[in-house]
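Trainee: Sharing a structure here in structure tokens format.
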Amino acid sequence: MSEAVYIPVASETLEVKVRDVVTERIRVATTTETIDETVQAELVSEEVELSRVPIDRVVDRMPDIRVDGDVTIVPVVEEVLFIEKRLVLTEEIHIKRHQSTEDVEMTVPVKKQHVTIERTPVETIQAGDDNE
């Protein structure tokens with residue numbers, strides 16, 4: 001019989017590692033400045049006109065506030081003693097609104113930022129160095 005011959009088999013393994021390498025540094029700076037800009041706007045103002053309207057009418061209950069067109073009517077009552085007590089509507093206050101529009105132009109301060117970016121290269125680490 002022949003004698004068995006064993007041949008060793010060799011293999012290589014590969015190990016891959018990943019590491020962070022800084023290649024450059026970036027510095028970002030912002031500056032803020034205030035400049036005057038002219039803006040246009042529409043201003044709306046409203047005025048009211050009050051007028052008292054005498055009524056002198058007996059009512060059974062307190063009348064509600066009501067709106068007639070652009071006039072708001074607020075009833076004013078008082079209790080008056082007769083032989084019996086009655087609610088008398090003495091007057092109404094009529095409130096009328098007047099609205100006006102005005103175009104205006106004014107200068108207002110506005111802030112704006114500017115960005116400065118500065119890149120600084122960093123020496124790369126040699127492949128053989130293991131300073132991790």
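So you can find residues: chains in the structure tokens are A, B, ... in the order shown, residues in each start at 1, and ligands are numbered from 1 in order.
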Can you list, as a PyMOL selection string, every residue of chain A that DSSP puts in strand (DSSP E or B)?

Mentor: chain A and resi 24-59+66-68+71-81+85-121

Trainee: For segment 91-104 of chain A, find every residue with an atom within 12 Å (counting only C-alpha atoms), except residues of its own chain fewer than 2 positions away, and show them as a PyMOL selection string.

Mentor: chain A and resi 38-59+63-78+88-89+106-107

Trainee: Selected residues, C-alpha atoms, written as a PDB file, in the first residue's frame, please.

Mentor:
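What follows is the written file result10.pdb:
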ATOM      1  CA  THR A  38     -37.863 102.117   2.174  1.00  0.00           C
ATOM      2  CA  VAL A  39     -41.132 100.249   2.455  1.00  0.00           C
ATOM      3  CA  GLN A  40     -44.609 101.116   1.300  1.00  0.00           C
ATOM      4  CA  ALA A  41     -47.731 100.191   3.180  1.00  0.00           C
ATOM      5  CA  GLU A  42     -51.415 100.992   3.214  1.00  0.00           C
ATOM      6  CA  LEU A  43     -52.671 102.284   6.542  1.00  0.00           C
ATOM      7  CA  VAL A  44     -56.357 101.983   7.348  1.00  0.00           C
ATOM      8  CA  SER A  45     -57.829 104.158  10.056  1.00  0.00           C
ATOM      9  CA  GLU A  46     -61.350 104.215  11.374  1.00  0.00           C
ATOM     10  CA  GLU A  47     -63.241 106.961  13.146  1.00  0.00           C
ATOM     11  CA  VAL A  48     -66.626 106.750  14.823  1.00  0.00           C
ATOM     12  CA  GLU A  49     -69.319 109.369  14.948  1.00  0.00           C
ATOM     13  CA  LEU A  50     -71.764 109.308  17.867  1.00  0.00           C
ATOM     14  CA  SER A  51     -75.204 110.856  17.792  1.00  0.00           C
ATOM     15  CA  ARG A  52     -77.902 110.682  20.453  1.00  0.00           C
ATOM     16  CA  VAL A  53     -81.430 110.132  19.135  1.00  0.00           C
ATOM     17  CA  PRO A  54     -84.257 110.852  21.645  1.00  0.00           C
ATOM     18  CA  ILE A  55     -86.943 108.140  21.661  1.00  0.00           C
ATOM     19  CA  ASP A  56     -89.059 108.415  24.887  1.00  0.00           C
ATOM     20  CA  ARG A  57     -91.094 105.278  24.228  1.00  0.00           C
ATOM     21  CA  VAL A  58     -92.271 102.733  26.814  1.00  0.00           C
ATOM     22  CA  VAL A  59     -90.889  99.256  26.163  1.00  0.00           C
ATOM     23  CA  PRO A  63     -84.048  96.214  23.467  1.00  0.00           C
ATOM     24  CA  ASP A  64     -81.075  94.424  21.876  1.00  0.00           C
ATOM     25  CA  ILE A  65     -78.105  96.224  20.364  1.00  0.00           C
ATOM     26  CA  ARG A  66     -78.632  96.170  16.611  1.00  0.00           C
ATOM     27  CA  VAL A  67     -76.873  97.124  13.382  1.00  0.00           C
ATOM     28  CA  ASP A  68     -78.618  99.111  10.646  1.00  0.00           C
ATOM     29  CA  GLY A  69     -76.331  99.332   7.598  1.00  0.00           C
ATOM     30  CA  ASP A  70     -73.077 100.805   8.864  1.00  0.00           C
ATOM     31  CA  VAL A  71     -74.689 102.173  12.055  1.00  0.00           C
ATOM     32  CA  THR A  72     -74.639 100.286  15.361  1.00  0.00           C
ATOM     33  CA  ILE A  73     -77.564 101.243  17.589  1.00  0.00           C
ATOM     34  CA  VAL A  74     -77.172 100.923  21.367  1.00  0.00           C
ATOM     35  CA  PRO A  75     -80.434 101.394  23.296  1.00  0.00           C
ATOM     36  CA  VAL A  76     -80.374 103.400  26.561  1.00  0.00           C
ATOM     37  CA  VAL A  77     -83.179 102.771  29.053  1.00  0.00           C
ATOM     38  CA  GLU A  78     -84.199 103.991  32.466  1.00  0.00           C
ATOM     39  CA  VAL A  88     -88.890 103.621  28.927  1.00  0.00           C
ATOM     40  CA  LEU A  89     -86.490 103.741  26.008  1.00  0.00           C
ATOM     41  CA  MET A 106     -41.244 105.181   5.326  1.00  0.00           C
ATOM     42  CA  THR A 107     -37.697 104.043   5.944  1.00  0.00           C
TER      43      THR A 107
END

Trainee: One decimal, Å: what's the distance from atom CA of Thr30 of chain A over to atom CA of Glu118 of chain A, could you say?

Mentor: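 Going from atom CA of Thr30 of chain A over to atom CA of Glu118 of chain A, I get 11.5 Å.
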
Trainee: Could you check how far atom CA of Pro121 of chain A sits from atom CA of Val16 of chain A, in Å to one decimal?

Mentor: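 It comes out at 26.5 Å.
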
Trainee: For a test of reading the model, state the distance in Å between atom CA of Thr34 of chain A and atom CA of His114 of chain A, rounded to one decimal.

Mentor: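 Atom CA of His114 of chain A lies at a distance of 11.3 Å from atom CA of Thr34 of chain A.
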
Trainee: Using only C-alpha atoms, which residues sit within 8 Å of Val110 of chain A once same-chain residues fewer than 2 positions away are excluded, as a list of chain:residue names?

Mentor: A:Thr34, A:Ile35, A:Asp36, A:Glu37, A:Val108, A:Lys112
